[in-house]
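Structure data follow from upload15.cif (mmCIF, C-alpha atoms):
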```
data_input
#
loop_
_atom_site.label_atom_id
_atom_site.label_comp_id
_atom_site.auth_asym_id
_atom_site.auth_seq_id
_atom_site.Cartn_x
_atom_site.Cartn_y
_atom_site.Cartn_z
CA MET A 296 0.00 0.00 0.00
CA CYS A 297 1.40 3.36 -1.03
CA ALA A 298 0.44 5.98 1.54
CA ARG A 299 1.03 9.66 2.16
CA VAL A 300 2.92 10.19 5.42
CA VAL A 301 3.76 13.45 7.18
CA VAL A 302 6.85 13.29 9.41
CA ALA A 303 7.01 16.15 11.94
CA GLU A 304 10.49 16.01 13.47
CA ASP A 305 12.78 18.92 14.33
CA ASP A 306 15.95 16.81 14.29
CA GLY A 307 17.09 16.94 10.66
CA LYS A 308 19.13 13.72 10.75
CA GLN A 309 16.34 11.80 12.48
CA ALA A 310 13.77 13.11 10.03
CA GLU A 311 15.92 12.13 7.03
CA LEU A 312 16.41 8.61 8.42
CA VAL A 313 12.66 8.13 8.84
CA ARG A 314 12.03 9.57 5.37
CA ARG A 315 14.45 7.13 3.72
CA TYR A 316 12.88 4.10 5.38
CA LEU A 317 9.35 5.21 4.47
CA GLU A 318 10.26 5.98 0.88
CA HIS A 319 11.99 2.60 0.61
CA GLU A 320 8.59 1.05 1.37
CA GLY A 321 7.01 3.09 -1.41
CA HIS A 322 5.35 5.85 0.58
CA ASP A 323 5.03 9.52 -0.36
CA VAL A 324 6.69 11.44 2.49
CA VAL A 325 6.47 15.09 3.54
CA VAL A 326 8.89 16.23 6.27
CA VAL A 327 8.29 19.32 8.42
CA HIS A 328 10.32 20.57 11.37
CA ASP A 329 7.91 22.44 13.63
CA GLY A 330 4.37 22.11 14.92
CA ALA A 331 2.93 25.13 13.13
CA THR A 332 4.13 23.92 9.73
CA ALA A 333 2.88 20.43 10.55
CA LEU A 334 -0.65 21.71 11.18
CA ALA A 335 -0.60 23.77 7.98
CA GLU A 336 0.45 20.71 5.95
CA LEU A 337 -2.14 18.46 7.59
CA ARG A 338 -4.92 20.95 6.85
CA ARG A 339 -3.73 21.49 3.29
CA ARG A 340 -3.94 17.79 2.46
CA PRO A 341 -4.72 15.26 5.21
CA PRO A 342 -2.30 12.32 5.00
CA ASP A 343 -2.76 8.63 5.78
CA LEU A 344 -0.37 8.76 8.76
CA LEU A 345 1.30 11.36 10.96
CA ILE A 346 4.63 10.53 12.64
CA LEU A 347 4.92 13.22 15.28
CA ASP A 348 7.82 14.23 17.50
CA VAL A 349 6.85 15.59 20.91
CA MET A 350 9.60 18.19 21.30
CA MET A 351 9.22 20.72 18.48
CA PRO A 352 9.42 24.51 18.21
CA PHE A 353 6.45 26.91 18.03
CA ILE A 354 3.83 24.24 18.77
CA ASP A 355 4.95 21.02 20.44
CA GLY A 356 3.78 17.56 19.41
CA LEU A 357 1.34 17.19 22.31
CA ASP A 358 -0.49 20.37 21.30
CA VAL A 359 -0.44 19.30 17.64
CA CYS A 360 -2.05 15.99 18.63
CA ARG A 361 -4.66 17.79 20.73
CA ILE A 362 -5.55 20.12 17.84
CA VAL A 363 -5.67 17.24 15.32
CA ARG A 364 -8.18 15.33 17.45
CA ALA A 365 -10.35 18.44 17.82
CA GLU A 366 -10.68 19.06 14.06
CA ALA A 367 -13.30 17.00 12.25
CA ALA A 368 -11.28 16.61 9.05
CA LEU A 369 -8.29 15.23 10.97
CA ALA A 370 -9.85 13.51 13.98
CA ALA A 371 -9.46 9.96 12.62
CA LEU A 372 -5.88 10.47 11.37
CA PRO A 373 -3.54 7.75 12.73
CA VAL A 374 -0.82 9.35 14.86
CA LEU A 375 2.46 7.70 15.85
CA MET A 376 4.20 9.81 18.48
CA LEU A 377 7.98 9.93 18.99
CA THR A 378 9.59 11.25 22.14
CA ALA A 379 12.85 11.37 24.06
CA ARG A 380 10.76 11.14 27.22
CA SER A 381 10.32 7.63 28.53
CA THR A 382 8.30 7.86 31.74
CA GLU A 383 4.93 6.14 31.93
CA ASP A 384 3.20 9.44 32.74
CA ASP A 385 4.51 10.99 29.51
CA LEU A 386 3.40 7.95 27.56
CA LEU A 387 -0.09 7.99 29.05
CA LEU A 388 -0.41 11.72 28.41
CA GLY A 389 0.30 11.18 24.73
CA LEU A 390 -2.29 8.41 24.53
CA ASP A 391 -4.79 10.46 26.50
CA LEU A 392 -4.46 13.25 23.93
CA GLY A 393 -5.24 10.80 21.15
CA ALA A 394 -1.99 9.28 19.90
CA ASP A 395 -2.45 5.78 18.45
CA ASP A 396 1.04 4.58 19.27
CA TYR A 397 4.07 5.91 21.09
CA MET A 398 7.79 5.20 20.62
CA SER A 399 10.63 6.34 22.86
CA LYS A 400 13.92 7.50 21.37
CA PRO A 401 16.28 6.00 20.43
CA PHE A 402 14.22 3.54 18.43
CA SER A 403 14.80 0.88 15.80
CA PRO A 404 13.86 2.17 12.31
CA ARG A 405 12.63 -1.33 11.43
CA GLU A 406 10.34 -1.36 14.44
CA LEU A 407 9.09 2.10 13.50
CA MET A 408 8.24 0.81 10.01
CA ALA A 409 6.41 -2.18 11.49
CA ARG A 410 4.29 0.09 13.64
CA ALA A 411 3.64 2.43 10.71
CA ARG A 412 2.45 -0.52 8.61
CA SER A 413 0.13 -1.60 11.41
CA LEU A 414 -1.43 1.86 11.68
CA LEU A 415 -1.81 2.16 7.92
CA ARG A 416 -3.52 -1.23 7.70
CA ARG A 417 -6.00 -0.22 10.40
CA GLY A 418 -6.62 3.11 8.71
CA SER A 419 -7.31 1.32 5.41
CA ARG A 420 -9.63 -1.22 7.07
CA THR A 421 -11.72 1.42 8.82
CA GLY A 422 -11.74 3.79 5.85
CA THR A 423 -9.78 6.50 7.70
CA GLY A 424 -6.78 6.20 5.39
CA GLY A 425 -6.67 7.48 1.85
CA GLY A 426 -5.00 4.47 0.25
CA ALA A 427 -6.46 2.61 -2.68
CA ASP A 428 -6.55 -0.66 -0.74
CA ALA A 429 -9.38 0.40 1.57
CA ALA A 430 -11.48 -2.65 2.38
CA VAL A 431 -15.20 -3.15 2.75
CA PRO A 432 -16.13 -1.73 6.18
CA ASP A 433 -17.17 -4.00 9.02
CA PRO A 434 -20.85 -4.16 9.92
CA VAL A 435 -22.35 -1.74 12.41
CA LEU A 436 -22.31 -2.95 16.03
CA ARG A 437 -25.10 -2.10 18.44
CA VAL A 438 -25.05 -2.71 22.18
CA GLY A 439 -28.06 -1.24 23.95
CA PRO A 440 -28.14 2.51 23.20
CA LEU A 441 -24.57 2.38 21.92
CA THR A 442 -23.76 2.17 18.19
CA VAL A 443 -20.25 1.57 16.86
CA ASP A 444 -19.89 2.09 13.10
CA PRO A 445 -16.41 0.96 11.91
CA GLY A 446 -17.06 2.02 8.32
CA ARG A 447 -17.80 5.62 9.25
CA HIS A 448 -15.58 5.52 12.35
CA GLU A 449 -18.48 6.87 14.39
CA VAL A 450 -19.88 6.18 17.84
CA TRP A 451 -23.38 7.12 18.95
CA ALA A 452 -24.75 6.87 22.50
CA HIS A 453 -28.28 7.82 23.53
CA ASP A 454 -28.81 9.40 20.08
CA ARG A 455 -25.74 11.62 20.46
CA ARG A 456 -22.62 11.34 18.34
CA ILE A 457 -19.60 10.73 20.54
CA HIS A 458 -16.11 11.89 19.56
CA CYS A 459 -13.56 9.15 20.26
CA THR A 460 -9.84 9.07 19.69
CA PRO A 461 -8.69 6.19 17.44
CA GLY A 462 -7.44 4.27 20.47
CA GLU A 463 -10.74 4.70 22.30
CA PHE A 464 -12.66 3.71 19.19
CA ARG A 465 -10.71 0.49 18.70
CA LEU A 466 -11.12 -0.48 22.34
CA LEU A 467 -14.86 0.10 22.13
CA GLU A 468 -15.02 -1.86 18.87
CA VAL A 469 -13.26 -4.83 20.48
CA LEU A 470 -15.71 -4.91 23.40
CA ALA A 471 -18.75 -4.33 21.18
CA THR A 472 -18.03 -7.41 19.07
CA ARG A 473 -18.83 -9.60 22.09
CA PRO A 474 -21.11 -7.79 24.55
CA GLY A 475 -21.16 -9.41 27.98
CA GLN A 476 -17.80 -11.13 27.46
CA VAL A 477 -15.06 -10.10 29.88
CA PHE A 478 -11.76 -9.08 28.27
CA THR A 479 -8.61 -8.92 30.35
CA ARG A 480 -6.31 -5.95 29.86
CA ALA A 481 -3.79 -8.25 28.16
CA GLN A 482 -6.44 -9.49 25.72
CA ILE A 483 -7.49 -5.95 24.90
CA LEU A 484 -3.90 -4.84 24.31
CA GLU A 485 -3.32 -7.85 22.06
CA ARG A 486 -6.37 -6.98 19.95
CA LEU A 487 -5.34 -3.36 19.62
CA HIS A 488 -2.15 -4.49 17.82
CA GLY A 489 -0.35 -1.14 17.98
CA PHE A 490 0.30 -1.44 21.69
CA ASP A 491 3.34 -3.46 22.72
CA ARG A 492 5.95 -3.81 25.40
CA TYR A 493 6.39 -0.05 25.74
CA ILE A 494 2.80 0.35 26.84
CA THR A 495 1.42 -1.11 30.04
CA ALA A 496 -2.04 -2.27 31.00
CA ARG A 497 -2.64 1.22 32.41
CA THR A 498 -3.15 2.29 28.80
CA VAL A 499 -6.43 0.38 28.78
CA ASP A 500 -7.49 1.98 32.07
CA VAL A 501 -6.91 5.47 30.64
CA HIS A 502 -9.04 4.72 27.58
CA VAL A 503 -11.80 3.18 29.69
CA MET A 504 -11.85 6.19 32.02
CA ASN A 505 -12.13 8.60 29.08
CA LEU A 506 -14.79 6.50 27.34
CA ARG A 507 -16.95 6.41 30.47
CA LYS A 508 -16.98 10.21 30.50
CA LYS A 509 -18.39 10.10 26.99
CA ILE A 510 -20.85 7.19 26.95
CA GLU A 511 -22.02 6.84 30.55
CA GLN A 512 -24.74 9.00 32.07
CA ASP A 513 -22.86 8.76 35.38
CA PRO A 514 -19.16 7.97 34.73
CA ARG A 515 -18.54 7.29 38.43
CA ASN A 516 -21.25 4.63 38.44
CA ALA A 517 -20.66 2.91 35.11
CA ARG A 518 -23.64 0.86 33.92
CA ARG A 519 -22.57 0.15 30.34
CA LEU A 520 -18.76 -0.15 30.23
CA VAL A 521 -18.22 -2.04 33.46
CA THR A 522 -15.35 -3.46 35.47
CA VAL A 523 -15.15 -7.08 36.48
CA TYR A 524 -12.85 -6.65 39.43
CA GLY A 525 -9.64 -8.62 39.27
CA VAL A 526 -10.34 -9.66 35.66
CA GLY A 527 -10.94 -6.82 33.20
CA TYR A 528 -13.72 -4.99 31.37
CA LYS A 529 -16.87 -5.74 29.41
CA LEU A 530 -19.59 -3.90 27.52
CA VAL A 531 -23.10 -4.90 28.59
CA ASP A 532 -26.23 -4.88 26.45
CA GLU A 533 -28.68 -4.44 29.31
CA GLU A 534 -27.97 -2.26 32.32
CA PRO A 535 -28.14 -4.15 35.63
CA PRO A 536 -31.09 -3.29 37.89
CA THR A 537 -30.14 -0.40 40.16
CA GLY A 538 -29.26 -1.53 43.65
CA ARG A 539 -29.37 -5.26 42.88
CA GLU A 540 -26.11 -6.00 41.10
CA ASP A 541 -22.65 -4.56 41.15
CA PRO A 542 -22.15 -3.09 37.65
CA GLY A 543 -18.73 -4.70 37.66
CA HIS A 544 -20.34 -8.15 37.70
CA ALA A 545 -23.53 -7.76 35.67
CA ALA A 546 -23.44 -9.56 32.34
CA GLY A 547 -25.19 -8.60 29.12
CA ARG A 548 -27.89 -11.03 28.09
CA LYS A 549 -28.56 -10.27 24.40
CA ASP A 550 -26.64 -11.22 21.32
CA ILE A 551 -25.09 -8.37 19.37
CA ARG A 552 -27.18 -6.97 16.56
CA HIS A 553 -25.57 -6.01 13.29
CA GLY A 554 -26.74 -3.06 11.29
CA PRO A 555 -27.39 -3.10 7.57
#
```

Have the structure of the file written as structure tokens, please.
Amino acid sequence: MCARVVVAEDDGKQAELVRRYLEHEGHDVVVVHDGATALAELRRRPPDLLILDVMMPFIDGLDVCRIVRAEAALAALPVLMLTARSTEDDLLLGLDLGADDYMSKPFSPRELMARARSLLRRGSRTGTGGGADAAVPDPVLRVGPLTVDPGRHEVWAHDRRIHCTPGEFRLLEVLATRPGQVFTRAQILERLHGFDRYITARTVDVHVMNLRKKIEQDPRNARRLVTVYGVGYKLVDEEPPTGREDPGHAAGRKDIRHGP
């Protein structure tokens, strides 16, 4: 798949190395060296993938990611973040802002290419990428008042459209394929593909916390995206009766319904 990739990296040597590897795989690459220029290029022609350094002049990578996720035309753009920071808090902040994957410097160029391929495949499958290999979208998933539409990359809850980052969307999609089934954090991470040894199970907790703010009527008393304590998370089709069951242990009782 030939894709258009924007590399936003202020280190000239690092940017050139990434460019060479991407072009070797047949991709069209645009390199920029600051956050302001990156945003201008993204708005001019949205790419299939953004490789984004955190530490950049004018506008840093974290703010670029925040702005990208707030703009409708760019919200579904896959973002691979690069950073010299390596603490878990920095990593989780990047994911919380909407990055799809996160690599600490120094990194292996081959590993970077593997992650880029993974993000491009997911973008093609969900229709968020612009490549010619885009596949037929998956059917719509409905769980109670929640609708997950992989083809349009949309989530609706209680007749309201919900904005989700790509990471949040994929997590919700995984759970919605089997409502009532408990997924451990390790199983969720495995199904998200882009997350690997650099990212801990806390990544899942961050996404779940943010999703509850968006899809639950009372995020502190989750009735839809529930915790099974000591095991993991599940998405339930029917809310448990108030006061009778712990939402962390109530199971959904209906099979998933697929849209047209």

Which is closest to Arg338 of chain A among A:Asp305, A:Glu318, A:Asp323, A:Glu366, if we use all atoms listed in the file?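 When distances to Arg338 of chain A are compared using all atoms listed in the file, the smallest one comes from A:Glu366.
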
Nearest to Pro342 of chain A: which of A:Pro373, A:Pro401, A:Pro474, A:Gly446 is it, counting only C-alpha atoms?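 Selected residue with least distance to Pro342 of chain A: A:Pro373.
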
For His328 of chain A, work out the shell of residues within 10 Å, counting only C-alpha atoms and skipping chain neighbours fewer than 4 positions away, then give it as a PyMOL selection string. chain A and resi 302-307+310+332-333+347-348+351-353

Quick one: of A:Leu387, A:Asn516, A:Leu392, A:Pro341, who's nearest to Ile362 of chain A, counting all atoms listed in the file?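 Among A:Leu387, A:Asn516, A:Leu392, A:Pro341, it is A:Leu392 that comes nearest to Ile362 of chain A.
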
Between atom CA of Asp395 of chain A and atom CA of Val359 of chain A, what distance in Å does the model show, to one decimal?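 So the answer is 13.7 Å.
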
Point-to-point distance from atom CA of Leu470 of chain A to atom CA of Arg486 of chain A, Å rounded to tenths: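 Atom-to-atom, atom CA of Leu470 of chain A to atom CA of Arg486 of chain A, that is 10.2 Å.
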
Considering only C-alpha atoms, can you say which of A:Thr498, A:Thr378, A:Thr522, A:Thr442 comes closest to Leu467 of chain A?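 Comparing A:Thr498, A:Thr378, A:Thr522, A:Thr442 against Leu467 of chain A, the winner is A:Thr442.
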
For a cut-off of 10 Å around (-4.5, 8.8, 13.4), file coordinates, pick out all residues using all atoms listed in the file and list them as a PyMOL selection string. chain A and resi 342-346+360+363-364+369-375+393-396+414-415+417-418+423-424+460-462

Selection: 7 Å around Arg480 of chain A, all atoms listed in the file, excl. self and same-chain fewer than 3 positions, as a VMD selection string: chain A and resid 483 to 484 496 499 527

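Atom CA of Leu334 of chain A is positioned 10.2 Å from atom CA of Asp358 of chain A.
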
Could you please give me, as a ChimeraX atom specification, the residues of protein, DNA or RNA lying at most 12 Å from (-15.1, 3.5, 20.2) in the coordinate frame of the file, considering only C-alpha atoms? /A:371,435-438,441-445,447-452,456-472,487,502-503,505-507,509-510,520,530

Residue nearest Ser403 of chain A among A:Met376, A:His453, A:Tyr316, A:Glu336 (counting only C-alpha atoms):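 Nearest candidate to Ser403 of chain A out of A:Met376, A:His453, A:Tyr316, A:Glu336: A:Tyr316.
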
Restricting the calculation to all atoms listed in the file, which member of A:Glu511, A:Met408, A:Ala335, A:Arg416 is positioned closest to Arg455 of chain A?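 That would be A:Glu511, the residue with the smallest distance to Arg455 of chain A.
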
I'd like the contact shell of Val325 of chain A - 8 Å cut-off, all atoms listed in the file, skipping same-chain residues fewer than 6 positions apart - returned as a list in words.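 Everything that qualifies: Arg299, Val300, Val301 and Val302 of chain A.
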
Find the residues near Arg380 of chain A: any atom within 12 Å, counting only C-alpha atoms, skip ones fewer than 5 places away on the same chain, and give them as an MDAnalysis selection string. chainID A and resid 348:350 385:389 397:401

Using all atoms listed in the file, determine which residues lie at most 12 Å from Val526 of chain A, disregarding the query and same-chain residues fewer than 5 positions distant; provide the list as a compact mmCIF listing (two decimals) with C-alpha atoms, in the frame of the given file.
```
# COMPACT_ATOMS: atom_id res chain seq x y z
CA GLN A 476 -17.80 -11.13 27.46
CA VAL A 477 -15.06 -10.10 29.88
CA PHE A 478 -11.76 -9.08 28.27
CA THR A 479 -8.61 -8.92 30.35
CA ARG A 480 -6.31 -5.95 29.86
CA ALA A 481 -3.79 -8.25 28.16
CA GLN A 482 -6.44 -9.49 25.72
CA ILE A 483 -7.49 -5.95 24.90
CA VAL A 521 -18.22 -2.04 33.46
CA GLY A 543 -18.73 -4.70 37.66
CA HIS A 544 -20.34 -8.15 37.70
```
